Amino acid sequence: MEQKPIEMLQQDMVEWRRYLHQHPELSYQERETSAFVAGKLESFGIEVRRSESGYGVIGILKGAQPGKTVVLRADMDALPIQDEKECDYASKKSGVMHACGHDGHTSILLAAASYYSSRRNELRGEVRFLFQPAEEVCPGGALGMISEGVLEGADAVYGLHLWTTLPVGTVASAPGPLMASADEFFIDIIGKGGHAGMPHRAIDSIAAGAALVTQLHSIISRFVDPLQPAVLSVGTIQGGYAQNVVAERCRITGTVRAYNTETRELLKRRVEEMVASVPAAYGAESKLDYLMGYPPLINDEGEAARFFREAPAALGSSVRVERIEKQMPAEDFAYYVNEIPGCFMFVGAGNPEKNASYPHHHAKFDFDEEAMLYGVKLLIAMTDSCLNEAKAE
């Protein structure tokens, strides 16, 4: 296979990305995306294994020389959003679009696979190209692939996210806690319906729910260490159907985020206590469904140091290498770095001149495709650095 310089992969990445952007698939439905990825890997002469727990694809490339094993991960799923962009590669599927850059992540990893497949005779060790389904929806696709052994015998795992809140020409990461856990709660309050003019003969679920919302929002300010970042947000409250009826039922949902296990458990415990006690004070019953979602994403200290060491040389002086602040969004890449050392990195992809300034999950989301070249260079630099180290016996 002809060896292409990294820069020559840009045209391929743009072509792949735009195809995927026009043909998005939701979480757990990535059938055609999976087939597209597998076909590309096979055309590169890379061994392909398909996940049994979803539509994940693993490409395995073993070098001519023994050495370490590195896992590179990209996510493939899209979101249930109507694409409102006006461009020739807008989504062709009504109500579904790549509004978070996963089409770019997939294309970057395909480019890395193409790059290494043409250099297998020079490759020391093994590279696994992990294309993961269902990052956007809990429980996510990572756990299923881990259970199938994608990390067995591996020395490091790397992943990245195109990030439009950073300008193109910037890459960023940080050691330790980087992205928050993401837990969810669903609360049902059951009162007793009745006439709104005779509230004393009813049990008002909305009054109980309103009091509970107020108390839930006090958890962060009164029970969590101020030096430990955390979020509790009530997203919905629904109850009642008429202005002159005391609502029998009220439903409250929300999200909880933290950066360490202790704070995460504290938040869960306080929610449970308040759900049990506050509605009871109004004479109402309550039910809680508390979903423990993705854990905090915690970068390995040594692998984060590798990022700050390798990125400047790989990307050149025109690209800024920054230490990013903690991010409250969650990522199921967290499961991988819970198992083996790894580093998750952000690649700036924002550019107002190219209409790439909308936030992630927006109907007009887009990114500067130049960022994909920085992404593949970064993955290759991290991989080469790790593989060229002596493997510990």
# chains A, B, ... in the order shown; residues from 1 in each chain; ligands from 1
>>> closest_atom_pairs(of="region 51-126 of chain A", to="region 336-360 of chain A", cutoff="9 Å", atoms="only C-alpha atoms", output="JSON lines")
{"residue": "A:Ala99", "atom": "CA", "partner": "A:His360", "partner_atom": "CA", "distance": 5.9}
{"residue": "A:Cys100", "atom": "CA", "partner": "A:His360", "partner_atom": "CA", "distance": 5.1}
{"residue": "A:Gly101", "atom": "CA", "partner": "A:His360", "partner_atom": "CA", "distance": 8.0}
>>> write_last_selection(atoms="N, CA and C atoms", output="PDB file, in the first residue's frame")
ATOM      1  N   ALA A  99     -24.355  16.107  15.171  1.00  0.00           N
ATOM      2  CA  ALA A  99     -24.290  17.428  15.792  1.00  0.00           C
ATOM      3  C   ALA A  99     -23.245  17.485  16.895  1.00  0.00           C
ATOM      4  N   CYS A 100     -22.334  16.506  16.902  1.00  0.00           N
ATOM      5  CA  CYS A 100     -21.313  16.500  17.951  1.00  0.00           C
ATOM      6  C   CYS A 100     -19.924  16.146  17.430  1.00  0.00           C
ATOM      7  N   GLY A 101     -19.790  15.989  16.114  1.00  0.00           N
ATOM      8  CA  GLY A 101     -18.470  15.757  15.541  1.00  0.00           C
ATOM      9  C   GLY A 101     -18.038  14.313  15.448  1.00  0.00           C
TER      10      GLY A 101
END
>>> select_by_dssp(residues="region 300-358 of chain A", states="strand (DSSP E or B)", output="VMD selection string")
chain A and resid 320 to 323 327 342 to 351 356
>>> residues_around(residues="Ser94 (chain A)", least_positions_apart="4", cutoff="10 Å", atoms="only C-alpha atoms", output="list in words")
Pro24, Pro80, Ile81, Gln82 and Asp83 of chain A
>>> write_last_selection(atoms="C-alpha atoms", output="PDB file, in the first residue's frame")
ATOM      1  CA  PRO A  24     -26.093   9.695  10.159  1.00  0.00           C
ATOM      2  CA  PRO A  80     -32.003  12.988  17.059  1.00  0.00           C
ATOM      3  CA  ILE A  81     -31.786  16.562  15.740  1.00  0.00           C
ATOM      4  CA  GLN A  82     -33.019  18.021  12.448  1.00  0.00           C
ATOM      5  CA  ASP A  83     -30.058  19.384  10.474  1.00  0.00           C
TER       6      ASP A  83
END
>>> closest_residue(among="A:Ala305, A:Ala180, A:Val245, A:Val278", to="Val213 (chain A)", atoms="only C-alpha atoms")
A:Val278
>>> atom_distance(atom1="CA of Leu130 (chain A)", atom2="CA of Arg49 (chain A)")
9.8 Å
>>> closest_residue(among="A:Ala78, A:Cys138, A:Val168, A:Ala363", to="Val321 (chain A)", atoms="only C-alpha atoms")
A:Val168
>>> residues_around(residues="Thr236 (chain A)", least_positions_apart="5", cutoff="10 Å", atoms="only C-alpha atoms", output="list in words")
Phe186, Arg251, Ile252, Thr253 and Gly254 of chain A
>>> select_by_dssp(residues="region 96-194 of chain A", states="alpha helix (DSSP H)", output="MDAnalysis selection string")
chainID A and resid 102:117 142:147
>>> closest_residue(among="A:Tyr115, A:Tyr294, A:Phe131, A:Tyr89", to="Ser51 (chain A)", atoms="only C-alpha atoms")
A:Phe131
>>> residues_around(residues="Gly45 (chain A)", least_positions_apart="5", cutoff="10 Å", atoms="only C-alpha atoms", output="PyMOL selection string")
chain A and resi 1+39-40+59-61+113-114+117-118
>>> write_last_selection(atoms="all heavy atoms", output="PDB file, in the first residue's frame")
ATOM      1  N   MET A   1       0.849  -1.196   0.000  1.00  0.00           N
ATOM      2  CA  MET A   1       0.000   0.000   0.000  1.00  0.00           C
ATOM      3  C   MET A   1       0.883   1.244   0.000  1.00  0.00           C
ATOM      4  O   MET A   1       1.853   1.333   0.751  1.00  0.00           O
ATOM      5  CB  MET A   1      -0.915  -0.005   1.236  1.00  0.00           C
ATOM      6  CG  MET A   1      -1.906   1.147   1.275  1.00  0.00           C
ATOM      7  SD  MET A   1      -3.043   0.983   2.681  1.00  0.00           S
ATOM      8  CE  MET A   1      -3.985   2.492   2.475  1.00  0.00           C
ATOM      9  N   GLY A  39     -15.577  -1.754   5.791  1.00  0.00           N
ATOM     10  CA  GLY A  39     -15.130  -1.823   4.409  1.00  0.00           C
ATOM     11  C   GLY A  39     -13.846  -1.045   4.175  1.00  0.00           C
ATOM     12  O   GLY A  39     -12.948  -1.510   3.448  1.00  0.00           O
ATOM     13  N   LYS A  40     -13.736   0.132   4.778  1.00  0.00           N
ATOM     14  CA  LYS A  40     -12.513   0.924   4.643  1.00  0.00           C
ATOM     15  C   LYS A  40     -11.329   0.198   5.278  1.00  0.00           C
ATOM     16  O   LYS A  40     -10.234   0.123   4.691  1.00  0.00           O
ATOM     17  CB  LYS A  40     -12.696   2.298   5.267  1.00  0.00           C
ATOM     18  CG  LYS A  40     -13.674   3.210   4.537  1.00  0.00           C
ATOM     19  CD  LYS A  40     -13.204   3.521   3.131  1.00  0.00           C
ATOM     20  CE  LYS A  40     -14.187   4.410   2.403  1.00  0.00           C
ATOM     21  NZ  LYS A  40     -13.822   4.610   0.975  1.00  0.00           N
ATOM     22  N   GLY A  59     -10.438  -2.641  14.363  1.00  0.00           N
ATOM     23  CA  GLY A  59      -9.395  -2.940  13.387  1.00  0.00           C
ATOM     24  C   GLY A  59      -8.108  -3.259  14.114  1.00  0.00           C
ATOM     25  O   GLY A  59      -7.713  -2.529  15.030  1.00  0.00           O
ATOM     26  N   ILE A  60      -7.458  -4.353  13.741  1.00  0.00           N
ATOM     27  CA  ILE A  60      -6.252  -4.793  14.438  1.00  0.00           C
ATOM     28  C   ILE A  60      -5.086  -4.820  13.456  1.00  0.00           C
ATOM     29  O   ILE A  60      -5.159  -5.481  12.414  1.00  0.00           O
ATOM     30  CB  ILE A  60      -6.451  -6.183  15.067  1.00  0.00           C
ATOM     31  CG1 ILE A  60      -7.599  -6.137  16.078  1.00  0.00           C
ATOM     32  CG2 ILE A  60      -5.160  -6.663  15.735  1.00  0.00           C
ATOM     33  CD1 ILE A  60      -7.973  -7.482  16.633  1.00  0.00           C
ATOM     34  N   LEU A  61      -4.052  -4.096  13.794  1.00  0.00           N
ATOM     35  CA  LEU A  61      -2.866  -4.021  12.944  1.00  0.00           C
ATOM     36  C   LEU A  61      -1.641  -4.363  13.780  1.00  0.00           C
ATOM     37  O   LEU A  61      -1.300  -3.653  14.728  1.00  0.00           O
ATOM     38  CB  LEU A  61      -2.721  -2.620  12.353  1.00  0.00           C
ATOM     39  CG  LEU A  61      -1.542  -2.407  11.407  1.00  0.00           C
ATOM     40  CD1 LEU A  61      -1.686  -3.269  10.149  1.00  0.00           C
ATOM     41  CD2 LEU A  61      -1.419  -0.940  11.023  1.00  0.00           C
ATOM     42  N   ALA A 113      -5.716   4.746  10.636  1.00  0.00           N
ATOM     43  CA  ALA A 113      -5.603   3.350  10.205  1.00  0.00           C
ATOM     44  C   ALA A 113      -4.938   3.256   8.834  1.00  0.00           C
ATOM     45  O   ALA A 113      -4.077   2.387   8.596  1.00  0.00           O
ATOM     46  CB  ALA A 113      -6.986   2.712  10.170  1.00  0.00           C
ATOM     47  N   SER A 114      -5.315   4.147   7.929  1.00  0.00           N
ATOM     48  CA  SER A 114      -4.696   4.169   6.601  1.00  0.00           C
ATOM     49  C   SER A 114      -3.201   4.450   6.713  1.00  0.00           C
ATOM     50  O   SER A 114      -2.371   3.801   6.040  1.00  0.00           O
ATOM     51  CB  SER A 114      -5.384   5.228   5.738  1.00  0.00           C
ATOM     52  OG  SER A 114      -4.726   5.374   4.498  1.00  0.00           O
ATOM     53  N   SER A 117      -1.392   1.366   8.243  1.00  0.00           N
ATOM     54  CA  SER A 117      -1.439   0.164   7.416  1.00  0.00           C
ATOM     55  C   SER A 117      -0.382   0.182   6.330  1.00  0.00           C
ATOM     56  O   SER A 117       0.115  -0.872   5.908  1.00  0.00           O
ATOM     57  CB  SER A 117      -2.831   0.019   6.787  1.00  0.00           C
ATOM     58  OG  SER A 117      -3.068   1.050   5.842  1.00  0.00           O
ATOM     59  N   SER A 118      -0.016   1.371   5.860  1.00  0.00           N
ATOM     60  CA  SER A 118       1.012   1.473   4.823  1.00  0.00           C
ATOM     61  C   SER A 118       2.422   1.464   5.414  1.00  0.00           C
ATOM     62  O   SER A 118       3.402   1.494   4.675  1.00  0.00           O
ATOM     63  CB  SER A 118       0.807   2.751   4.006  1.00  0.00           C
ATOM     64  OG  SER A 118       1.048   3.901   4.798  1.00  0.00           O
TER      65      SER A 118
END
>>> atom_distance(atom1="CA of Gly283 (chain A)", atom2="CA of Val231 (chain A)")
28.9 Å
>>> residues_around(residues="Leu216 (chain A)", least_positions_apart="5", cutoff="12 Å", atoms="only C-alpha atoms", output="PyMOL selection string")
chain A and resi 185+187+209-211+221-223+231-235+252-256+267-279
>>> closest_residue(among="A:Glu47, A:Asp204, A:Asp225, A:Glu7", to="Gly240 (chain A)", atoms="only C-alpha atoms")
A:Asp204
>>> residues_around(residues="Leu143 (chain A)", least_positions_apart="5", cutoff="10 Å", atoms="only C-alpha atoms", output="PDB file with N, CA and C atoms, in the first residue's frame")
ATOM      1  N   SER A  53     -21.845  -6.883  20.909  1.00  0.00           N
ATOM      2  CA  SER A  53     -22.744  -6.156  21.804  1.00  0.00           C
ATOM      3  C   SER A  53     -23.367  -4.928  21.141  1.00  0.00           C
ATOM      4  N   GLU A 148     -15.741  -7.426  25.812  1.00  0.00           N
ATOM      5  CA  GLU A 148     -15.314  -8.332  24.740  1.00  0.00           C
ATOM      6  C   GLU A 148     -13.798  -8.393  24.596  1.00  0.00           C
ATOM      7  N   ASP A 332     -18.228   8.511  27.663  1.00  0.00           N
ATOM      8  CA  ASP A 332     -18.001   7.149  28.134  1.00  0.00           C
ATOM      9  C   ASP A 332     -16.603   6.636  27.801  1.00  0.00           C
ATOM     10  N   PHE A 333     -15.744   7.497  27.232  1.00  0.00           N
ATOM     11  CA  PHE A 333     -14.313   7.180  27.180  1.00  0.00           C
ATOM     12  C   PHE A 333     -13.787   6.986  28.595  1.00  0.00           C
ATOM     13  N   TYR A 335     -14.731   5.014  30.777  1.00  0.00           N
ATOM     14  CA  TYR A 335     -14.612   3.597  31.115  1.00  0.00           C
ATOM     15  C   TYR A 335     -13.274   3.015  30.672  1.00  0.00           C
ATOM     16  N   TYR A 336     -12.748   3.482  29.556  1.00  0.00           N
ATOM     17  CA  TYR A 336     -11.468   2.962  29.062  1.00  0.00           C
ATOM     18  C   TYR A 336     -10.317   3.359  29.982  1.00  0.00           C
TER      19      TYR A 336
END
>>> closest_residue(among="A:Phe307, A:Tyr158, A:Phe365, A:Tyr241", to="Gly193 (chain A)", atoms="only C-alpha atoms")
A:Tyr241
>>> atom_distance(atom1="CA of Arg257 (chain A)", atom2="CA of Gly144 (chain A)")
23.0 Å
>>> closest_residue(among="A:Gly293, A:Gly63, A:Pro177, A:Pro226", to="Tyr116 (chain A)", atoms="only C-alpha atoms")
A:Gly63
